[in-house]
file start18.txt (compact mmCIF, C-alpha atoms)
# COMPACT_ATOMS: atom_id res chain seq x y z
CA MET F 184 16.56 -3.15 15.01
CA LYS F 185 17.82 -6.47 16.33
CA SER F 186 15.35 -6.36 19.21
CA GLU F 187 12.56 -5.49 16.79
CA LEU F 188 13.32 -8.52 14.64
CA ALA F 189 13.70 -10.73 17.69
CA ARG F 190 10.02 -10.17 18.44
CA HIS F 191 9.20 -12.31 15.42
CA ASN F 192 11.20 -15.36 16.54
CA ALA F 193 9.11 -18.30 17.73
CA ASP F 194 8.44 -21.96 17.24
CA TRP F 195 7.54 -22.70 13.64
CA GLN F 196 10.03 -25.54 14.20
CA ASN F 197 7.12 -27.48 15.66
CA GLY F 198 5.12 -27.22 12.45
CA SER F 199 5.68 -29.41 9.42
CA MET F 200 6.83 -27.72 6.21
CA VAL F 201 4.88 -29.03 3.25
CA ASP F 202 7.33 -28.28 0.46
CA GLY F 203 10.95 -27.48 -0.24
CA ARG F 204 10.31 -23.82 -0.99
CA ARG F 205 8.88 -23.23 2.47
CA ARG F 206 11.73 -25.17 4.07
CA HIS F 207 14.18 -22.92 2.25
CA ILE F 208 12.33 -19.78 3.37
CA ILE F 209 12.23 -20.95 6.97
CA LYS F 210 15.96 -21.74 6.90
CA VAL F 211 16.83 -18.30 5.57
CA LEU F 212 14.47 -16.43 7.87
CA THR F 213 15.71 -18.31 10.92
CA GLY F 214 19.22 -17.10 10.20
CA ALA F 215 17.94 -13.55 9.83
CA GLY F 216 15.85 -13.66 13.02
CA LEU F 217 12.62 -13.16 11.07
CA VAL F 218 10.69 -16.39 11.67
CA LEU F 219 7.10 -15.96 12.78
CA GLY F 220 5.44 -17.86 15.58
CA SER F 221 3.40 -21.04 15.44
CA GLY F 222 -0.32 -21.07 14.96
CA PHE F 223 -0.24 -19.86 11.36
CA ALA F 224 -1.01 -22.48 8.75
CA GLY F 225 1.80 -21.38 6.49
CA LYS F 226 -0.33 -21.90 3.39
CA LEU F 227 0.16 -19.49 0.54
CA ALA F 228 -2.93 -17.39 -0.03
CA PHE F 229 -4.71 -17.86 -3.33
CA ALA F 230 -6.07 -15.07 -5.47
CA CYS F 231 -9.81 -14.65 -5.25
CA SER F 232 -11.97 -12.41 -7.39
CA GLY F 233 -8.91 -11.90 -9.58
CA ILE F 234 -7.20 -9.89 -6.82
CA GLN F 235 -3.98 -11.25 -5.30
CA PRO F 236 -2.83 -10.63 -1.71
CA GLY F 237 -0.80 -7.43 -1.56
CA ILE F 238 0.90 -5.44 1.17
CA GLN F 239 2.14 -1.87 1.43
CA LEU F 240 5.74 -2.15 2.63
CA TYR F 241 5.40 0.87 4.91
CA THR F 242 3.81 -1.69 7.25
CA VAL F 243 7.17 -3.48 7.56
CA ARG F 244 9.48 -0.48 7.27
CA SER F 245 11.35 -1.41 10.46
CA LEU F 246 12.18 -4.81 8.98
CA MET F 247 13.07 -3.33 5.59
CA GLN F 248 15.56 -1.02 7.27
CA GLN F 249 17.23 -4.09 8.78
CA ASP F 250 17.22 -6.49 5.84
CA VAL F 251 15.33 -5.94 2.58
CA GLN F 252 15.93 -9.35 1.02
CA ASN F 253 14.91 -11.38 4.04
CA THR F 254 11.87 -9.21 4.69
CA LEU F 255 10.69 -9.92 1.15
CA GLN F 256 11.19 -13.63 1.82
CA LEU F 257 9.17 -13.33 5.00
CA LEU F 258 6.25 -11.80 3.14
CA ALA F 259 6.41 -14.38 0.38
CA GLY F 260 6.35 -17.14 2.97
CA LEU F 261 3.23 -15.68 4.55
CA GLY F 262 1.38 -15.64 1.25
CA TYR F 263 1.67 -12.07 0.04
CA THR F 264 2.35 -12.03 -3.69
CA GLN F 265 2.15 -8.32 -4.60
CA LEU F 266 4.05 -5.46 -3.01
CA GLU F 267 3.71 -1.71 -2.96
CA PHE F 268 7.03 -0.09 -2.17
CA ALA F 269 7.57 2.90 0.12
CA GLY F 270 11.25 3.57 -0.58
CA LEU F 271 14.07 1.24 -1.61
CA PHE F 272 16.11 1.49 1.62
CA GLY F 273 19.37 2.15 -0.17
CA LYS F 274 19.15 -0.88 -2.44
CA PRO F 275 19.42 -0.60 -6.25
CA ALA F 276 16.12 -1.17 -8.03
CA GLY F 277 17.73 -3.82 -10.23
CA GLN F 278 18.91 -5.84 -7.23
CA ILE F 279 15.46 -5.70 -5.63
CA ALA F 280 13.89 -6.77 -8.93
CA THR F 281 16.14 -9.83 -8.95
CA TRP F 282 14.99 -10.79 -5.45
CA LEU F 283 11.35 -10.30 -6.45
CA GLY F 284 11.79 -12.64 -9.39
CA GLU F 285 13.47 -15.30 -7.27
CA LEU F 286 10.61 -15.19 -4.77
CA GLY F 287 7.77 -15.08 -7.29
CA LEU F 288 6.73 -11.63 -6.09
CA SER F 289 5.59 -8.65 -8.14
CA ALA F 290 5.59 -4.94 -7.33
CA PRO F 291 2.77 -3.30 -9.26
CA ALA F 292 3.04 0.02 -7.40
CA GLY F 293 5.37 2.27 -5.44
CA HIS F 294 5.05 5.43 -3.39
CA VAL F 295 7.14 8.46 -4.33
CA MET F 296 6.83 11.89 -2.73
CA LEU F 297 5.86 14.97 -4.74
CA GLN F 298 9.27 16.65 -4.99
CA PRO F 299 11.08 13.63 -6.48
CA LEU F 300 8.15 13.13 -8.84
CA LEU F 301 8.50 16.72 -10.03
CA HIS F 302 12.27 17.16 -10.02
CA GLU F 303 13.76 13.68 -10.39
CA THR F 304 11.18 12.30 -12.78
CA ASN F 305 13.54 10.37 -15.05
CA ARG F 306 15.29 8.61 -12.15
CA VAL F 307 11.97 7.80 -10.51
CA LEU F 308 10.60 6.35 -13.73
CA ASP F 309 13.77 4.33 -14.36
CA ASP F 310 13.48 2.73 -10.91
CA ALA F 311 9.77 2.11 -11.39
CA LEU F 312 10.33 0.39 -14.72
CA ALA F 313 13.13 -1.74 -13.26
CA LEU F 314 10.80 -2.90 -10.49
CA GLY F 315 7.91 -3.60 -12.84
CA HIS F 316 5.62 -0.92 -11.39
CA ARG F 317 2.39 -0.23 -13.22
CA TYR F 318 1.57 2.66 -10.89
CA LEU F 319 3.51 5.43 -9.20
CA VAL F 320 1.62 6.85 -6.24
CA MET F 321 2.00 10.28 -4.66
CA PRO F 322 1.48 9.26 -1.02
CA TYR F 323 1.38 12.36 1.15
CA LEU F 324 1.36 16.16 1.13
CA THR F 325 3.60 17.84 3.70
CA ASP F 326 2.30 20.73 5.77
CA ALA F 327 4.13 23.16 3.50
CA GLU F 328 2.72 21.55 0.37
CA ARG F 329 -0.83 22.05 1.58
CA SER F 330 -0.43 25.49 3.10
CA ASN F 331 -2.09 27.43 0.27
CA GLY F 332 -5.62 26.20 0.78
CA LEU F 333 -7.81 25.44 -2.21
CA ALA F 334 -5.50 27.30 -4.58
CA GLY F 335 -2.71 24.95 -3.57
CA TYR F 336 -4.83 21.92 -4.43
CA GLN F 337 -5.71 23.43 -7.79
CA GLN F 338 -2.00 23.94 -8.46
CA LEU F 339 -1.33 20.39 -7.32
CA ALA F 340 -3.92 19.05 -9.76
CA ALA F 341 -2.10 20.80 -12.62
CA LYS F 342 1.23 19.37 -11.46
CA LEU F 343 -0.22 15.87 -11.25
CA ASN F 344 -1.53 16.18 -14.79
CA ARG F 345 1.93 17.12 -16.05
CA VAL F 346 3.67 14.29 -14.22
CA GLY F 347 0.86 11.97 -15.27
CA GLU F 348 1.67 12.69 -18.91
CA GLN F 349 5.33 11.81 -18.33
CA CYS F 350 4.36 8.62 -16.53
CA GLN F 351 1.94 7.64 -19.26
CA ALA F 352 4.64 8.11 -21.90
CA ALA F 353 6.74 5.58 -19.98
CA GLY F 354 3.87 3.09 -19.71
CA ILE F 355 3.11 3.85 -16.05
CA THR F 356 0.02 5.42 -14.46
CA LEU F 357 0.19 8.10 -11.77
CA ALA F 358 -2.08 7.88 -8.73
CA TYR F 359 -2.78 9.92 -5.60
CA HIS F 360 -3.13 8.46 -2.09
CA ASN F 361 -5.39 10.22 0.42
CA HIS F 362 -5.11 10.87 4.11
CA ASP F 363 -7.79 12.62 6.17
CA PHE F 364 -6.97 16.26 5.43
CA GLU F 365 -8.10 16.09 1.79
CA PHE F 366 -11.63 15.58 3.10
CA SER F 367 -11.59 18.61 5.45
CA VAL F 368 -13.95 21.19 3.97
CA ILE F 369 -12.39 24.54 3.01
CA ASP F 370 -14.81 27.29 1.93
CA ASN F 371 -17.52 24.69 1.35
CA VAL F 372 -15.23 22.60 -0.88
CA ARG F 373 -13.43 19.33 -0.18
CA PRO F 374 -9.88 19.41 -1.58
CA TYR F 375 -10.28 15.78 -2.60
CA ASP F 376 -13.05 16.77 -4.99
CA ILE F 377 -10.72 19.32 -6.58
CA LEU F 378 -8.11 16.63 -7.14
CA LEU F 379 -10.69 14.33 -8.68
CA SER F 380 -12.39 16.90 -10.87
CA GLN F 381 -9.34 18.89 -12.00
CA THR F 382 -7.05 16.01 -12.85
CA ASP F 383 -7.38 14.17 -16.16
CA ALA F 384 -9.07 10.85 -15.48
CA SER F 385 -6.89 9.21 -18.13
CA LEU F 386 -3.68 10.45 -16.49
CA VAL F 387 -4.30 10.45 -12.73
CA LYS F 388 -5.99 7.70 -10.73
CA MET F 389 -6.68 7.43 -7.00
CA GLU F 390 -5.48 5.05 -4.32
CA ILE F 391 -8.19 5.04 -1.69
CA ASP F 392 -7.06 4.59 1.91
CA PHE F 393 -10.09 3.20 3.71
CA TYR F 394 -8.89 4.09 7.20
CA TRP F 395 -8.39 7.79 6.55
CA ALA F 396 -11.64 7.99 4.59
CA ALA F 397 -13.48 6.33 7.48
CA LYS F 398 -11.87 8.79 9.89
CA MET F 399 -13.66 11.55 7.98
CA GLN F 400 -16.90 9.55 7.64
CA VAL F 401 -16.57 9.44 3.87
CA ASP F 402 -18.87 7.10 1.96
CA VAL F 403 -16.24 5.42 -0.16
CA THR F 404 -18.75 3.45 -2.21
CA ALA F 405 -20.52 6.69 -3.15
CA LEU F 406 -17.15 8.03 -4.36
CA PHE F 407 -16.72 4.98 -6.54
CA HIS F 408 -20.08 5.58 -8.18
CA ARG F 409 -19.49 9.30 -8.61
CA TYR F 410 -16.06 8.75 -10.19
CA PRO F 411 -16.21 5.27 -11.77
CA GLY F 412 -12.93 3.70 -12.79
CA ARG F 413 -10.79 6.18 -10.86
CA PHE F 414 -9.87 3.87 -7.94
CA PRO F 415 -7.72 0.97 -9.20
CA LEU F 416 -5.63 0.86 -6.00
CA TRP F 417 -6.94 0.21 -2.49
CA HIS F 418 -5.27 0.41 0.92
CA LEU F 419 -6.97 -2.14 3.15
CA LYS F 420 -6.40 -0.45 6.49
CA ASP F 421 -8.92 -1.18 9.25
CA MET F 422 -10.09 0.94 12.18
CA THR F 423 -11.23 0.22 15.74
CA ALA F 424 -14.52 1.56 17.05
CA ASP F 425 -12.64 4.36 18.83
CA GLY F 426 -10.70 5.38 15.71
CA ASP F 427 -7.36 3.63 16.22
CA PHE F 428 -5.61 1.33 13.75
CA ALA F 429 -6.82 -2.28 13.66
CA ASN F 430 -5.62 -5.46 12.00
CA LEU F 431 -7.49 -6.13 8.78
CA GLY F 432 -10.82 -7.80 9.42
CA LYS F 433 -10.75 -7.03 13.15
CA GLY F 434 -12.09 -3.49 12.90
CA VAL F 435 -15.33 -1.78 11.99
CA ILE F 436 -14.84 -0.82 8.32
CA ASP F 437 -17.31 -2.52 5.97
CA PHE F 438 -14.94 -3.86 3.32
CA ALA F 439 -17.60 -6.27 2.02
CA ARG F 440 -19.71 -3.33 0.86
CA ALA F 441 -16.71 -1.80 -0.85
CA HIS F 442 -15.82 -5.12 -2.46
CA ALA F 443 -19.29 -5.29 -3.99
CA ALA F 444 -18.52 -1.98 -5.72
CA ALA F 445 -15.03 -3.02 -6.86
CA PRO F 446 -16.02 -3.28 -10.56
CA VAL F 447 -17.34 0.28 -10.47
CA ALA F 448 -14.18 1.49 -8.73
CA GLY F 449 -11.98 -0.21 -11.31
CA LEU F 450 -10.06 -2.14 -8.65
CA GLN F 451 -6.87 -3.81 -9.85
CA TYR F 452 -4.61 -4.06 -6.78
CA ALA F 453 -5.29 -4.11 -3.04
CA PHE F 454 -2.64 -3.73 -0.35
CA VAL F 455 -2.91 -4.59 3.33
CA GLU F 456 -1.52 -1.79 5.48
CA ARG F 457 -1.26 -0.77 9.10
CA ASP F 458 0.70 2.36 9.99
CA VAL F 459 1.47 1.46 13.61
CA THR F 460 1.15 -1.85 15.43
CA ASP F 461 2.26 -3.27 18.75
CA ASP F 462 2.45 -6.79 17.29
CA LEU F 463 3.75 -6.88 13.72
CA THR F 464 3.62 -10.69 13.67
CA ALA F 465 -0.12 -10.68 14.34
CA THR F 466 -0.68 -7.83 11.90
CA LEU F 467 1.04 -9.65 9.03
CA LYS F 468 -0.69 -12.98 9.65
CA GLN F 469 -4.13 -11.42 10.11
CA GLY F 470 -3.54 -9.32 7.00
CA VAL F 471 -3.57 -12.44 4.82
CA ARG F 472 -6.60 -13.84 6.65
CA GLY F 473 -8.45 -10.54 6.40
CA PHE F 474 -7.63 -10.22 2.72
CA ASN F 475 -9.10 -13.64 2.02
CA GLN F 476 -12.19 -12.81 4.07
CA ILE F 477 -12.81 -9.83 1.81
CA PHE F 478 -12.05 -11.33 -1.58
CA CYS F 479 -12.79 -15.06 -1.22
call {"tool": "encode", "arguments": {"input": "start18.txt", "output": "structure tokens"}}
result
Amino acid sequence: MKSELARHNADWQNGSMVDGRRRHIIKVLTGAGLVLGSGFAGKLAFACSGIQPGIQLYTVRSLMQQDVQNTLQLLAGLGYTQLEFAGLFGKPAGQIATWLGELGLSAPAGHVMLQPLLHETNRVLDDALALGHRYLVMPYLTDAERSNGLAGYQQLAAKLNRVGEQCQAAGITLAYHNHDFEFSVIDNVRPYDILLSQTDASLVKMEIDFYWAAKMQVDVTALFHRYPGRFPLWHLKDMTADGDFANLGKGVIDFARAHAAAPVAGLQYAFVERDVTDDLTATLKQGVRGFNQIFC
């Protein structure tokens, strides 16, 4: 992990810090080996269109494994203001909530796998409430969990409705995050359509992942119009022309078209994400730039 963090050391020393908060962040991050390179303006991003810059923390999982607190400070210094968690990395939810408050960050959503949602519901909800989550998101179906074809997705829809009721009672909304396999046609039916049509729209929302939808040539805007208000959460994940991951705004996905349909989708929160990158520094910096290109 030390070598991973060392990749993000560089020469922000040459840039002038414009306020005490940034100077404090730089001091802390320098000690943690997390300072990013020069060439980034260091200005906090401002919310446009009512949507604030968010990031899915799976993007920085290697840094979170090393140091949760300092990774959060890094993201705050870059201009991200909203976080979507993908695990707590052994830290108590209450401790993380304290760090979020100190940094002026919020965590409107978090990913939790199906089995904990089903069998550890009270613990999951307690952590979510401590962190200030408004949404709990079921992020991925394992091979075993999708081995029963369409019947399995119908059973999943019923399970999501039940968990959705428990979440709603706690003041939280359940959502489902797609990959590509939900759009693979089985017996002339897309499993994703089962999840949309057989879950209660008041209990279960969707988090659309643009990359995986684009992989399957899905018209996301058409989905928004077919199921209005069901897509309050977006994963802003870009794609190269040959289908690989790209930094946000450097790929081929037409986010401007999707943004135009945001009111129909019911968009509330958008999170920059990239699953794999060879240059995390560039990915994080371009994520803020790309976000502002879409929403400003």
call {"tool": "closest_atom_pairs", "arguments": {"input": "start18.txt", "of": "range 377-423 of chain F", "to": "range 358-367 of chain F", "cutoff": "8 Å", "atoms": "all atoms listed in the file", "output": "JSON lines"}}
result
{"residue": "F:Val387", "atom": "CA", "partner": "F:Ala358", "partner_atom": "CA", "distance": 5.2}
{"residue": "F:Lys388", "atom": "CA", "partner": "F:Ala358", "partner_atom": "CA", "distance": 4.4}
{"residue": "F:Met389", "atom": "CA", "partner": "F:Tyr359", "partner_atom": "CA", "distance": 4.8}
{"residue": "F:Glu390", "atom": "CA", "partner": "F:His360", "partner_atom": "CA", "distance": 4.7}
{"residue": "F:Ile391", "atom": "CA", "partner": "F:His360", "partner_atom": "CA", "distance": 6.1}
{"residue": "F:Asp392", "atom": "CA", "partner": "F:Asn361", "partner_atom": "CA", "distance": 6.1}
{"residue": "F:Trp395", "atom": "CA", "partner": "F:Asp363", "partner_atom": "CA", "distance": 4.9}
{"residue": "F:Ala396", "atom": "CA", "partner": "F:Asp363", "partner_atom": "CA", "distance": 6.2}
{"residue": "F:Lys398", "atom": "CA", "partner": "F:Asp363", "partner_atom": "CA", "distance": 6.7}
{"residue": "F:Met399", "atom": "CA", "partner": "F:Asp363", "partner_atom": "CA", "distance": 6.2}
{"residue": "F:Val401", "atom": "CA", "partner": "F:Phe366", "partner_atom": "CA", "distance": 7.9}
call {"tool": "atom_distance", "arguments": {"input": "start18.txt", "atom1": "CA of Gln248 in chain F", "atom2": "CA of Phe268 in chain F"}}
result
12.8 Å
call {"tool": "closest_residue", "arguments": {"input": "start18.txt", "among": "F:Val403, F:Leu255, F:Ile234, F:Leu343", "to": "Cys479 in chain F", "atoms": "only C-alpha atoms"}}
result
F:Ile234
call {"tool": "atom_distance", "arguments": {"input": "start18.txt", "atom1": "CA of Ser232 in chain F", "atom2": "CA of Tyr394 in chain F"}}
result
22.2 Å
call {"tool": "residues_around", "arguments": {"input": "start18.txt", "residues": "Leu283 in chain F", "least_positions_apart": "4", "cutoff": "10 Å", "atoms": "all atoms listed in the file", "output": "NGL selection string"}}
result
:F and (252 or 255-256 or 259 or 264-266 or 277-279 or 287-290 or 314-315)
call {"tool": "write_last_selection", "arguments": {"input": "start18.txt", "atoms": "C-alpha atoms", "output": "PDB file, keeping the file's coordinate frame"}}
result
ATOM      1  CA  GLN F 252      15.930  -9.350   1.020  1.00  0.00           C
ATOM      2  CA  LEU F 255      10.690  -9.920   1.150  1.00  0.00           C
ATOM      3  CA  GLN F 256      11.190 -13.630   1.820  1.00  0.00           C
ATOM      4  CA  ALA F 259       6.410 -14.380   0.380  1.00  0.00           C
ATOM      5  CA  THR F 264       2.350 -12.030  -3.690  1.00  0.00           C
ATOM      6  CA  GLN F 265       2.150  -8.320  -4.600  1.00  0.00           C
ATOM      7  CA  LEU F 266       4.050  -5.460  -3.010  1.00  0.00           C
ATOM      8  CA  GLY F 277      17.730  -3.820 -10.230  1.00  0.00           C
ATOM      9  CA  GLN F 278      18.910  -5.840  -7.230  1.00  0.00           C
ATOM     10  CA  ILE F 279      15.460  -5.700  -5.630  1.00  0.00           C
ATOM     11  CA  GLY F 287       7.770 -15.080  -7.290  1.00  0.00           C
ATOM     12  CA  LEU F 288       6.730 -11.630  -6.090  1.00  0.00           C
ATOM     13  CA  SER F 289       5.590  -8.650  -8.140  1.00  0.00           C
ATOM     14  CA  ALA F 290       5.590  -4.940  -7.330  1.00  0.00           C
ATOM     15  CA  LEU F 314      10.800  -2.900 -10.490  1.00  0.00           C
ATOM     16  CA  GLY F 315       7.910  -3.600 -12.840  1.00  0.00           C
TER      17      GLY F 315
END
call {"tool": "atom_distance", "arguments": {"input": "start18.txt", "atom1": "CA of Pro236 in chain F", "atom2": "CA of Arg306 in chain F"}}
result
28.4 Å
call {"tool": "closest_residue", "arguments": {"input": "start18.txt", "among": "F:Ile436, F:Met296, F:Leu308, F:Leu379", "to": "Gly473 in chain F", "atoms": "only C-alpha atoms"}}
result
F:Ile436
call {"tool": "residues_around", "arguments": {"input": "start18.txt", "residues": "His294 in chain F", "least_positions_apart": "2", "cutoff": "8 Å", "atoms": "all atoms listed in the file", "output": "count of residues only"}}
result
10
